[in-house]
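K.L.:
I'd like to ask you about the structure that follows.
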Amino acid sequence: MKYEEIMSKLSEMRSRYNAGFSPEDRKLLEMLHEKLFNKRITITGCADCYRDAYIIITNKLKKLGSMPTPSAYVLKRGAMLYDADNNNHYVSDIPTEVAERLLLQAPERIKLFQSYPKNWELRLSQLKKKLNKKAEEAPTETEAPVETEATTETEAPAEAEE
Amino acid sequence: MDKQLCDFKLAADLGGSCESPSVAGLMNNAVILNFDDVDWDAITWDESNPNVITNLPLKAGKRAYAAYMPGKTPYTGTNKTFTEGTYRNKFTKTVAMVILDNGPEVAAHVIDPLANGRFVAIMENKYQGEDHRNTFEVYGLEQGLSANELTDDKYSEDTDGGWAVSLQEVNAPRSGLYLFADSVAATRTLVENMLKATT
């Protein structure tokens with residue numbers, strides 16, 4: 001569904017906010033909640049969880065102004081990747097930059113993805129070249145200056161002769 | 001491929017933790033998935049323990065389903081027992097539940113498939129273990145869980161007009177398989193993600 005259609009449907013649902021949403025309304029809210037927040041609506045701990053979901057979904061969509069663009073890399077359900085650089089665990093959508101960095105570390109992780117660009121291997125080799133180039137261009141560490149003056153030891157005072 | 005010789009020797013002390021004592025029982029929420037929906041080639045295991053799964057991916061487009069049982073002792077009857085084999089001994093694992101629902105949708109989409117399919121269940125133990133790796137236990141991953149009881153007793157006080165279900169995995173080589181991805185929170189997110197209806 002397009003953004004305009006969804007916003008129109010949500011606006012139409014407003015009239016049922018107090019009376020109660022229909023099963024079709026709830027299905028739409030469940031779908032949108034998963035798409036926007038990557039998790040199901042929790043149906044415990046709230047007086048009317050679908051009404052709460054309606055509010056946060058509507059606000060989120062108004063803020064975004066469009067439907068979120070799905071990532072090129074999507075993990076299979078039941079798969080998770082950990083990004084040590086950002087200390088983040090990813091399920092489902094994973095940002096392209098993160099996915100390609102993690103795949104570069106271990107290309108066999110591709111089996112955990114259910115969708116990815118067809119040219120992912122080419123993209124990885126390009127990323128590898130880019131990173132190698134960056135590493136070569138990075139300024140080398142300046143060496144610690146060599147000390148030119150030798151430290152002199154102070155001579156022990158001669159013992160006075162008796 | 002080099003053949004391995006299994007020596008089956010004890011490798012740890014027997015006994016429990018004084019700081020984190022064992023607690024009986026299961027949590028109210030569980031997850032059930034179709035055995036054939038598992039992406040077998042993509043499963044990853046903990047390198048330090050062959051009984052710990054770190055990723056349990058499903059085939060593209062497939063999902064798991066939530067099970068919920070209210071009450072203080074949900075899934076009563078869930079157990080694992082030793083069975084003697086000819087060359088190697090194994091385990092029979094049973095997952096018992098009550099489905100507090102009935103009707104054509106339940107019959108078509110739940111009971112009929114349960115009657116004839118094979119399944120994997122992820123149960124949440126009340127006792128997480130000292131390292132929390134005991135939290136999510138997987139049943140049916142080796143041989144599949146198949147129904148050995150499906151009863152609809154209209155006057156049963158236990159099922160309130162619903163179904164008593166028992167799923168069993170026989171001849172499982174390993175006594176316990178656990179799902180753990182770095183932390184309980186991360187694993188919970190992983191399990192929750194398996195239930196998503198949309199891709």
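Within each chain, counting starts at residue 1; across the structure tokens, chains are named A, B, ... in the order shown, with ligands numbered 1 upward in that order.
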Using only C-alpha atoms, I'd like every residue of chain A that has an atom within 7 Å of chain B; please write them out as a short mmCIF file (atom, residue, chain, number, x, y, z; two decimals) with N, CA and C atoms, in the first residue's frame.
P.N.:
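The resulting out-v6.cif:
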data_model
loop_
_atom_site.label_atom_id
_atom_site.label_comp_id
_atom_site.auth_asym_id
_atom_site.auth_seq_id
_atom_site.Cartn_x
_atom_site.Cartn_y
_atom_site.Cartn_z
N MET A 31 0.16 -4.99 10.72
CA MET A 31 1.11 -4.95 9.59
C MET A 31 1.97 -3.69 9.67
N GLU A 34 4.55 -3.75 12.56
CA GLU A 34 5.72 -4.59 12.26
C GLU A 34 6.65 -3.88 11.28
N LYS A 39 8.44 -5.04 15.21
CA LYS A 39 7.94 -5.99 16.20
C LYS A 39 6.41 -5.97 16.23
N ARG A 40 5.84 -7.03 16.80
CA ARG A 40 4.38 -7.13 16.84
C ARG A 40 3.82 -6.22 17.92
N LYS A 76 16.90 -13.43 7.49
CA LYS A 76 15.81 -14.40 7.65
C LYS A 76 15.27 -14.30 9.06
N ARG A 77 14.01 -14.68 9.24
CA ARG A 77 13.46 -14.76 10.60
C ARG A 77 14.24 -15.84 11.34
N GLY A 78 14.57 -15.54 12.61
CA GLY A 78 15.34 -16.52 13.38
C GLY A 78 16.84 -16.32 13.25
N ALA A 79 17.26 -15.32 12.46
CA ALA A 79 18.68 -15.02 12.31
C ALA A 79 18.97 -13.67 12.93
N MET A 80 20.16 -13.56 13.46
CA MET A 80 20.56 -12.31 14.11
C MET A 80 22.05 -12.10 13.85
N HIS A 89 22.55 -5.45 17.99
CA HIS A 89 22.10 -6.71 17.43
C HIS A 89 21.07 -6.39 16.36
N VAL A 91 18.07 -7.84 13.69
CA VAL A 91 17.20 -8.85 13.11
C VAL A 91 16.47 -8.15 11.98
N LYS A 111 24.28 -16.65 4.08
CA LYS A 111 23.23 -17.65 4.20
C LYS A 111 22.18 -17.25 5.25
N LEU A 112 22.48 -16.24 6.06
CA LEU A 112 21.52 -15.77 7.06
C LEU A 112 20.56 -14.73 6.48
N GLN A 114 17.72 -13.30 3.78
CA GLN A 114 16.68 -13.78 2.88
C GLN A 114 16.60 -12.89 1.64
#
K.L.:
Return the single residue from B:Gly144, B:Gly129, B:Gly103, B:Gly25 that is closest to B:Gly162, with distances computed using only C-alpha atoms.
P.N.:
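Ranked by minimum distance to B:Gly162, first place goes to B:Gly103.
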K.L.:
What is the atom CA of A:Lys63 to atom CA of A:Glu5 distance in Å?
P.N.:
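These atoms are spaced 16.3 Å apart.
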K.L.:
Can you list, as a PyMOL selection string, every protein, DNA or RNA residue that comes within 10 Å of A:Arg109 when you count only C-alpha atoms, leaving out same-chain residues fewer than 4 positions away?
P.N.:
(chain A and resi 75+81+99+102-105+113) or (chain B and resi 42+44)
K.L.:
In Å to one decimal, how far is atom CA of B:Ile122 from atom CA of B:Leu179?
P.N.:
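Separation between atom CA of B:Leu179 and atom CA of B:Ile122: 8.2 Å.
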K.L.:
For B:Gly140, please output as a ChimeraX atom specification all residues within 6 Å (counting only C-alpha atoms; exclusion window: fewer than 3 positions along the same chain).
P.N.:
/B:120,143-145,169
K.L.:
Atoms to include: N, CA and C atoms. Write the selected residues as a compact mmCIF listing (two decimals), in the first residue's frame.
P.N.:
# COMPACT_ATOMS: atom_id res chain seq x y z
N VAL B 120 8.78 -27.89 15.47
CA VAL B 120 9.85 -27.54 16.41
C VAL B 120 9.22 -26.57 17.40
N GLN B 143 14.50 -34.65 15.38
CA GLN B 143 13.61 -35.62 14.72
C GLN B 143 12.25 -35.03 14.38
N GLY B 144 11.97 -33.87 14.90
CA GLY B 144 10.65 -33.27 14.71
C GLY B 144 9.67 -33.76 15.78
N LEU B 145 8.81 -32.85 16.22
CA LEU B 145 7.75 -33.19 17.17
C LEU B 145 6.53 -33.61 16.37
N GLU B 169 8.88 -35.93 20.35
CA GLU B 169 10.05 -36.20 19.51
C GLU B 169 10.71 -37.46 20.08
K.L.:
Rounded to one decimal place, report the atom CA of B:Ile53-atom CA of B:Asn171 distance in Å.
P.N.:
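Atom CA of B:Asn171 lies at a distance of 19.4 Å from atom CA of B:Ile53.
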K.L.:
Using DSSP assignments from the backbone, pull out every residue in chain B that falls under strand (DSSP E or B) and give it to me as a count of residues only.
P.N.:
69
K.L.:
For A:Ile6, work out the shell of residues within 10 Å, counting only C-alpha atoms and skipping chain neighbours fewer than 4 positions away, then give it as a ChimeraX atom specification.
P.N.:
/A:1-2,10-12,28,32,58,61,66-67
K.L.:
Could you save the residues just selected, with N, CA and C atoms, as a compact mmCIF listing (two decimals), in the first residue's frame?
P.N.:
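See selection_14.txt below for the written result:
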# COMPACT_ATOMS: atom_id res chain seq x y z
N MET A 1 0.85 -1.22 0.00
CA MET A 1 0.00 0.00 0.00
C MET A 1 0.87 1.24 0.00
N LYS A 2 0.43 2.27 -0.70
CA LYS A 2 1.23 3.50 -0.76
C LYS A 2 0.94 4.35 0.47
N LEU A 10 -6.03 5.34 7.64
CA LEU A 10 -5.90 5.65 9.07
C LEU A 10 -6.85 6.78 9.46
N SER A 11 -7.00 7.72 8.58
CA SER A 11 -7.90 8.84 8.84
C SER A 11 -9.34 8.34 8.93
N GLU A 12 -9.67 7.42 8.05
CA GLU A 12 -11.02 6.84 8.04
C GLU A 12 -11.27 6.01 9.30
N LEU A 28 -4.49 -4.30 9.72
CA LEU A 28 -3.70 -3.22 9.12
C LEU A 28 -2.74 -2.64 10.16
N LEU A 32 1.33 -2.57 9.91
CA LEU A 32 2.07 -1.30 9.97
C LEU A 32 3.03 -1.27 11.15
N THR A 58 0.32 6.38 13.64
CA THR A 58 -0.07 7.61 12.93
C THR A 58 0.98 8.70 13.13
N LEU A 61 4.17 7.87 11.12
CA LEU A 61 4.03 8.07 9.67
C LEU A 61 3.98 9.55 9.32
N SER A 66 6.62 9.55 4.66
CA SER A 66 6.55 8.52 3.61
C SER A 66 6.76 7.18 4.28
N MET A 67 6.51 6.12 3.55
CA MET A 67 6.76 4.79 4.12
C MET A 67 8.28 4.58 4.19
